[in-house]
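One file, work11.txt, carrying compact mmCIF, C-alpha atoms and all ligand atoms:
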# COMPACT_ATOMS: atom_id res chain seq x y z
CA MET A 458 15.47 49.64 107.27
CA ILE A 459 12.48 49.05 104.98
CA ILE A 460 9.10 48.87 106.72
CA ALA A 461 6.06 47.60 104.78
CA VAL A 462 2.62 48.40 106.15
CA ASP A 463 -0.35 46.80 104.38
CA GLY A 464 -4.04 46.52 105.14
CA PRO A 465 -7.56 47.41 104.05
CA ALA A 466 -9.30 50.81 103.92
CA ALA A 467 -9.56 52.66 107.25
CA SER A 468 -7.65 49.95 109.13
CA GLY A 469 -5.31 52.61 110.51
CA LYS A 470 -2.36 51.66 108.29
CA GLY A 471 -1.80 55.21 107.03
CA THR A 472 -1.82 56.74 110.50
CA ILE A 473 0.53 54.04 111.80
CA ALA A 474 2.88 54.35 108.81
CA ARG A 475 3.09 58.15 109.16
CA ALA A 476 3.76 57.91 112.89
CA LEU A 477 6.38 55.17 112.43
CA ALA A 478 8.07 57.33 109.78
CA ARG A 479 8.33 60.18 112.29
CA HIS A 480 9.49 57.85 115.06
CA TYR A 481 12.25 56.21 112.99
CA ASP A 482 12.93 59.32 110.85
CA LEU A 483 12.31 57.48 107.60
CA PRO A 484 10.84 58.81 104.34
CA HIS A 485 7.25 57.65 103.87
CA LEU A 486 5.15 56.91 100.78
CA ASP A 487 1.39 56.42 100.94
CA THR A 488 1.10 54.25 97.81
CA GLY A 489 -2.70 54.58 97.76
CA LEU A 490 -2.13 58.16 96.62
CA LEU A 491 -0.52 56.91 93.39
CA TYR A 492 -3.67 54.95 92.48
CA ARG A 493 -5.78 57.89 93.60
CA ALA A 494 -3.78 60.18 91.28
CA VAL A 495 -4.50 57.85 88.35
CA ALA A 496 -8.18 57.84 89.34
CA ALA A 497 -8.27 61.64 89.54
CA ASN A 498 -6.74 61.89 86.03
CA VAL A 499 -9.32 59.42 84.67
CA LEU A 500 -12.13 61.47 86.20
CA ARG A 501 -10.75 64.78 84.94
CA GLU A 502 -10.38 63.50 81.39
CA GLY A 503 -13.82 61.88 81.41
CA LEU A 504 -12.29 58.43 80.73
CA ASN A 505 -13.63 55.03 81.81
CA PRO A 506 -11.76 53.57 84.83
CA ALA A 507 -12.90 50.03 83.93
CA VAL A 508 -11.12 50.25 80.56
CA GLU A 509 -7.46 49.33 81.05
CA ALA A 510 -6.17 51.54 78.20
CA ASP A 511 -7.99 54.57 79.64
CA ALA A 512 -6.48 53.96 83.07
CA VAL A 513 -2.99 53.37 81.65
CA ALA A 514 -3.21 56.66 79.71
CA SER A 515 -3.71 58.36 83.10
CA CYS A 516 -0.60 56.96 84.80
CA SER A 517 1.85 59.80 84.18
CA PHE A 518 1.55 62.62 86.66
CA ASP A 519 3.68 65.05 88.52
CA ASP A 520 4.65 64.36 92.16
CA ALA A 521 2.93 67.67 93.05
CA LEU A 522 -0.46 66.04 92.35
CA LEU A 523 0.12 63.73 95.35
CA ASP A 524 -0.30 66.72 97.69
CA ASP A 525 -3.72 67.61 96.24
CA PRO A 526 -6.38 67.21 98.97
CA GLY A 527 -8.85 66.41 96.16
CA LEU A 528 -7.25 62.94 95.98
CA ARG A 529 -8.62 62.06 99.40
CA THR A 530 -12.32 62.07 98.56
CA ASP A 531 -14.43 58.94 98.73
CA GLU A 532 -15.27 59.11 95.03
CA VAL A 533 -11.59 59.13 94.06
CA GLY A 534 -10.92 56.23 96.48
CA LYS A 535 -13.58 54.12 94.81
CA ILE A 536 -12.26 54.80 91.31
CA ALA A 537 -8.73 54.12 92.62
CA SER A 538 -9.77 50.61 93.57
CA VAL A 539 -11.12 50.07 90.02
CA VAL A 540 -8.02 51.36 88.19
CA SER A 541 -5.68 49.53 90.59
CA ALA A 542 -7.03 46.14 89.46
CA HIS A 543 -5.54 46.60 85.95
CA PRO A 544 -2.18 44.78 85.65
CA LEU A 545 -0.78 47.45 83.29
CA VAL A 546 -1.60 50.21 85.78
CA ARG A 547 0.19 48.32 88.55
CA ALA A 548 3.15 47.74 86.20
CA ALA A 549 3.30 51.46 85.35
CA LEU A 550 3.54 52.39 89.04
CA LEU A 551 5.85 49.55 90.10
CA ASN A 552 9.32 51.01 89.55
CA ARG A 553 8.51 54.28 91.26
CA GLN A 554 7.48 52.37 94.41
CA LYS A 555 10.38 49.91 94.30
CA LYS A 556 12.84 52.79 93.92
CA PHE A 557 11.30 54.60 96.87
CA ALA A 558 11.44 51.45 99.03
CA HIS A 559 15.07 50.72 98.18
CA GLN A 560 16.51 54.22 98.55
CA PRO A 561 19.66 54.45 100.71
CA GLY A 562 18.81 54.67 104.42
CA GLY A 563 15.50 52.86 104.07
CA ALA A 564 11.87 53.87 103.81
CA ILE A 565 8.39 53.11 104.96
CA LEU A 566 5.54 52.46 102.53
CA ASP A 567 1.91 51.71 103.15
CA GLY A 568 -0.57 50.08 100.78
CA ARG A 569 -1.97 46.70 99.84
CA ASP A 570 0.96 44.83 98.25
CA ILE A 571 4.07 46.36 99.81
CA GLY A 572 5.17 43.25 101.74
CA THR A 573 4.23 40.89 98.91
CA VAL A 574 5.19 42.66 95.65
CA ILE A 575 6.90 46.04 96.12
CA ALA A 576 9.34 45.07 98.89
CA PRO A 577 9.15 41.32 99.62
CA ASP A 578 12.61 41.86 101.15
CA ALA A 579 11.34 44.44 103.70
CA ASP A 580 12.98 44.20 107.14
CA VAL A 581 9.64 44.59 108.91
CA LYS A 582 6.16 43.82 107.56
CA LEU A 583 2.96 44.77 109.33
CA PHE A 584 -0.53 43.82 108.22
CA VAL A 585 -2.99 46.19 109.88
CA LYS A 586 -6.64 45.20 110.14
CA ALA A 587 -9.88 46.03 111.95
CA THR A 588 -13.44 44.74 111.62
CA PRO A 589 -15.46 46.11 108.67
CA MET A 590 -17.93 47.83 111.05
CA ILE A 591 -15.20 49.60 113.01
CA ARG A 592 -13.51 50.70 109.79
CA ALA A 593 -16.84 51.96 108.47
CA GLN A 594 -17.40 53.97 111.66
CA ARG A 595 -13.95 55.57 111.36
CA ARG A 596 -14.43 56.37 107.66
CA HIS A 597 -17.94 57.71 108.37
CA ILE A 598 -16.55 60.20 110.91
CA GLU A 599 -13.85 61.29 108.42
CA LEU A 600 -16.37 61.77 105.61
CA ARG A 601 -18.76 63.74 107.84
CA LYS A 602 -15.86 66.00 108.74
CA GLN A 603 -15.28 66.57 105.01
CA GLY A 604 -18.94 67.65 104.82
CA ALA A 605 -20.27 64.51 103.09
CA ASN A 606 -23.87 63.53 103.84
CA ILE A 607 -23.65 59.73 103.77
CA SER A 608 -25.14 57.03 106.03
CA LEU A 609 -23.07 54.57 108.04
CA ASP A 610 -24.78 51.69 106.18
CA LYS A 611 -23.65 53.07 102.84
CA VAL A 612 -20.07 53.53 104.08
CA LEU A 613 -20.08 49.94 105.38
CA ALA A 614 -21.36 48.64 102.04
CA ASP A 615 -18.64 50.63 100.21
CA ILE A 616 -15.94 49.26 102.53
CA ARG A 617 -17.11 45.69 101.93
CA ALA A 618 -17.22 46.24 98.16
CA ARG A 619 -13.71 47.71 98.20
CA ASP A 620 -12.34 44.83 100.34
CA GLU A 621 -13.88 42.39 97.88
CA ARG A 622 -12.35 44.11 94.82
CA ASP A 623 -8.94 44.57 96.45
CA SER A 624 -8.64 41.00 97.71
CA LYS A 625 -10.18 39.17 94.73
CA ARG A 626 -8.24 40.84 91.91
CA SER A 627 -5.82 38.52 90.13
CA GLU A 628 -2.88 40.95 90.07
CA ALA A 629 -1.23 41.73 93.43
CA PRO A 630 -4.34 41.16 95.59
CA MET A 631 -4.43 42.53 99.12
CA LEU A 632 -2.84 39.75 101.12
CA GLN A 633 -1.03 39.32 104.41
CA ALA A 634 2.54 38.24 103.60
CA PRO A 635 3.42 34.99 105.41
CA ASP A 636 6.15 36.81 107.35
CA ALA A 637 4.03 39.88 108.25
CA ALA A 638 3.02 40.58 111.85
CA LEU A 639 -0.72 41.08 112.26
CA LEU A 640 -1.87 44.22 114.06
CA ASP A 641 -5.61 44.34 114.82
CA THR A 642 -6.54 47.93 115.67
CA SER A 643 -10.27 47.24 116.23
CA PHE A 644 -10.12 47.98 119.93
CA LEU A 645 -6.96 50.09 120.13
CA SER A 646 -6.62 53.86 120.37
CA ILE A 647 -4.29 55.47 117.82
CA ASP A 648 -1.61 55.78 120.46
CA ALA A 649 -1.98 52.17 121.64
CA ALA A 650 -1.84 50.95 118.02
CA LEU A 651 1.35 52.96 117.45
CA GLN A 652 2.97 51.58 120.62
CA ARG A 653 2.10 48.06 119.45
CA ALA A 654 3.57 48.79 116.01
CA ILE A 655 6.81 50.13 117.53
CA ALA A 656 7.04 47.03 119.76
CA LEU A 657 6.65 44.79 116.68
CA VAL A 658 9.38 46.72 114.80
CA GLU A 659 11.72 46.53 117.81
CA ALA A 660 11.10 42.78 118.20
CA LYS A 661 11.92 42.26 114.54
CA LYS A 662 15.10 44.35 114.85
CA ARG A 663 16.22 42.32 117.89
CA ALA A 664 15.51 39.05 116.09
CA ALA A 665 17.59 40.22 113.11
CA GLY A 666 20.46 40.98 115.52
O1 LIG B 1 -7.16 53.94 102.83
P1 LIG B 1 -8.04 53.77 101.64
O2 LIG B 1 -8.29 52.37 101.27
O3 LIG B 1 -9.27 54.59 101.65
O4 LIG B 1 -7.33 54.31 100.37
P2 LIG B 1 -5.91 54.09 99.77
O5 LIG B 1 -4.99 53.34 100.66
O6 LIG B 1 -5.55 55.46 99.35
O7 LIG B 1 -6.15 53.15 98.49
C1 LIG B 1 -7.09 53.43 97.49
C2 LIG B 1 -7.18 52.20 96.58
O8 LIG B 1 -5.95 52.05 95.86
C3 LIG B 1 -7.39 50.87 97.29
O9 LIG B 1 -8.74 50.52 97.45
C4 LIG B 1 -6.67 49.87 96.39
O10 LIG B 1 -7.53 49.36 95.41
C5 LIG B 1 -5.61 50.68 95.70
N1 LIG B 1 -4.26 50.39 96.21
C6 LIG B 1 -3.61 49.28 95.71
O11 LIG B 1 -4.17 48.53 94.91
N2 LIG B 1 -2.33 49.00 96.09
C7 LIG B 1 -1.70 49.79 96.95
N3 LIG B 1 -0.43 49.51 97.29
C8 LIG B 1 -2.36 50.91 97.52
C9 LIG B 1 -3.66 51.19 97.13
Could you spell out this file's structure in structure tokens?
Amino acid sequence: MIIAVDGPAASGKGTIARALARHYDLPHLDTGLLYRAVAANVLREGLNPAVEADAVASCSFDDALLDDPGLRTDEVGKIASVVSAHPLVRAALLNRQKKFAHQPGGAILDGRDIGTVIAPDADVKLFVKATPMIRAQRRHIELRKQGANISLDKVLADIRARDERDSKRSEAPMLQAPDAALLDTSFLSIDAALQRAIALVEAKKRAAG
């Protein structure tokens, strides 16, 4: 079974995808980490993320980099959304994701374009969303825990800017696939959101016979 989980920043897609992976015992790939790894390489080499050739030159990296907690910072996330708009960067990371999705036994991937580009054939597609303010509040708490001194207003502005970049880019924009089930986590606890996600997967499995 292939499960595709897409949605914007801090919608809860990562938490839901990880929990579904445990529940169904499936391998999981957080595809945002791939773009974050490219961003981290760009930063380390002092390159310009807005220049496609610079970003493309940063696309080869070892899987070990994906475990680096340094990838999870806000700065890297912002640069990730700049490098991810380049078609050649997306092309460089495409096969790795398609291979992961189509491995024997199935897989679960979360990102922005899993149900539309990476695995349009996924058995189950979820599009996870929440209001920008609620996502900003969640991200603000996370960042404060990491020790960042940033206002809620600034986090909200960053979230809106990132949504705009991710959904307006011409290549593989963030988009709900027509056959994806919508899961709004705005007023759900993590556990309630997970139960809803499992119910959606089960309904899809029943419908497929
Ligand atoms: O959860 P959050 O948005 O903070 O970060 P992420 O999922 O790690 O994604 C970081 C950035 O990578 C996003 O803003 C997107 O621009 C990009 N991305 C993408 O274009 N396609 C994906 N499948 C996953 C991430």
Please, which residues in chain A fall within 6 Å of ligand LIG 1 (chain B) when counting all atoms listed in the file, and what is the closest atom pair and distance in Å to one decimal for each, ordered by chain then residue number, as JSON lines?
{"residue": "A:Pro465", "atom": "CA", "partner": "B:LIG1", "partner_atom": "O2", "distance": 5.7}
{"residue": "A:Ala466", "atom": "CA", "partner": "B:LIG1", "partner_atom": "O2", "distance": 3.2}
{"residue": "A:Ala467", "atom": "CA", "partner": "B:LIG1", "partner_atom": "O1", "distance": 5.2}
{"residue": "A:Thr488", "atom": "CA", "partner": "B:LIG1", "partner_atom": "C8", "distance": 4.8}
{"residue": "A:Gly489", "atom": "CA", "partner": "B:LIG1", "partner_atom": "O6", "distance": 3.4}
{"residue": "A:Leu490", "atom": "CA", "partner": "B:LIG1", "partner_atom": "O6", "distance": 5.1}
{"residue": "A:Tyr492", "atom": "CA", "partner": "B:LIG1", "partner_atom": "O8", "distance": 5.0}
{"residue": "A:Gly534", "atom": "CA", "partner": "B:LIG1", "partner_atom": "C1", "distance": 4.9}
{"residue": "A:Ala537", "atom": "CA", "partner": "B:LIG1", "partner_atom": "C2", "distance": 4.7}
{"residue": "A:Ser538", "atom": "CA", "partner": "B:LIG1", "partner_atom": "O10", "distance": 3.2}
{"residue": "A:Ser541", "atom": "CA", "partner": "B:LIG1", "partner_atom": "O11", "distance": 4.7}
{"residue": "A:Gly568", "atom": "CA", "partner": "B:LIG1", "partner_atom": "N3", "distance": 3.5}
{"residue": "A:Arg569", "atom": "CA", "partner": "B:LIG1", "partner_atom": "N3", "distance": 4.1}
{"residue": "A:Asp570", "atom": "CA", "partner": "B:LIG1", "partner_atom": "N3", "distance": 5.0}
{"residue": "A:Arg619", "atom": "CA", "partner": "B:LIG1", "partner_atom": "O9", "distance": 5.8}
{"residue": "A:Asp623", "atom": "CA", "partner": "B:LIG1", "partner_atom": "O10", "distance": 5.1}
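The environment of range 547-558 of chain A within 9 Å, counting only C-alpha atoms and disregarding residues fewer than 4 places along the same chain, consists of Ile459, Ile460, Ala461, Pro484, His485, Leu486, Thr488, Leu491, Tyr492, Val513, Cys516, Ser517, Val540, Ser541, Ala542, His543, Gly563, Ala564, Ile565, Leu566, Ile571, Val574, Ile575, Ala576, Ala579, Glu628 and Ala629 of chain A.
Closest to Arg529 in chain A among A:Leu600, A:Ala593, A:Leu613, A:Leu639 is A:Leu600, based on only C-alpha atoms.
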Could you list as an mmCIF file with C-alpha atoms, keeping the file's coordinate frame every residue that has an atom within 12 Å of (-7.0, 54.4, 118.5), using the file's coordinates and counting all atoms listed in the file?
data_model
loop_
_atom_site.group_PDB
_atom_site.id
_atom_site.type_symbol
_atom_site.label_atom_id
_atom_site.label_comp_id
_atom_site.auth_asym_id
_atom_site.auth_seq_id
_atom_site.Cartn_x
_atom_site.Cartn_y
_atom_site.Cartn_z
ATOM 1 C CA ALA A 467 -9.560 52.660 107.250
ATOM 2 C CA SER A 468 -7.650 49.950 109.130
ATOM 3 C CA GLY A 469 -5.310 52.610 110.510
ATOM 4 C CA LYS A 470 -2.360 51.660 108.290
ATOM 5 C CA THR A 472 -1.820 56.740 110.500
ATOM 6 C CA ILE A 473 0.530 54.040 111.800
ATOM 7 C CA ALA A 587 -9.880 46.030 111.950
ATOM 8 C CA ILE A 591 -15.200 49.600 113.010
ATOM 9 C CA ARG A 592 -13.510 50.700 109.790
ATOM 10 C CA ARG A 595 -13.950 55.570 111.360
ATOM 11 C CA ASP A 641 -5.610 44.340 114.820
ATOM 12 C CA THR A 642 -6.540 47.930 115.670
ATOM 13 C CA SER A 643 -10.270 47.240 116.230
ATOM 14 C CA PHE A 644 -10.120 47.980 119.930
ATOM 15 C CA LEU A 645 -6.960 50.090 120.130
ATOM 16 C CA SER A 646 -6.620 53.860 120.370
ATOM 17 C CA ILE A 647 -4.290 55.470 117.820
ATOM 18 C CA ASP A 648 -1.610 55.780 120.460
ATOM 19 C CA ALA A 649 -1.980 52.170 121.640
ATOM 20 C CA ALA A 650 -1.840 50.950 118.020
ATOM 21 C CA LEU A 651 1.350 52.960 117.450
ATOM 22 C CA GLN A 652 2.970 51.580 120.620
ATOM 23 C CA ARG A 653 2.100 48.060 119.450
#
Within 10 Å of (-4.0, 50.8, 78.9) (coordinates as in the file), grab all the protein and nucleic acid residues, counting all atoms listed in the file, and write them out as a PyMOL selection string.
-> chain A and resi 508-516+543-546+549
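Of the listed residues A:Leu477, A:Ala494, A:Leu504, A:Ala614, the one whose atoms come nearest to Asp519 in chain A is A:Ala494, with distances taken using only C-alpha atoms.
The smallest atom-to-atom distance between Gly604 in chain A and any of A:Gly464, A:Thr588, A:Ala507, A:Asp531, using all atoms listed in the file, is found for A:Asp531.
Each of A:Asn606, A:Arg617, A:Met458, A:Asp580 was compared to Lys535 in chain A using only C-alpha atoms, and A:Arg617 turns out to be the nearest.
Note that CA of Asp463 in chain A and CA of Met631 in chain A are 7.9 Å apart.
Across the model, the gap from CA of Leu522 in chain A to CA of Arg479 in chain A is 22.6 Å.
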Which residue out of A:Ala638, A:Ala497, A:Val462, A:Ile616 has the minimum interatomic distance to Pro526 in chain A when all atoms listed in the file are used?
-> A:Ala497
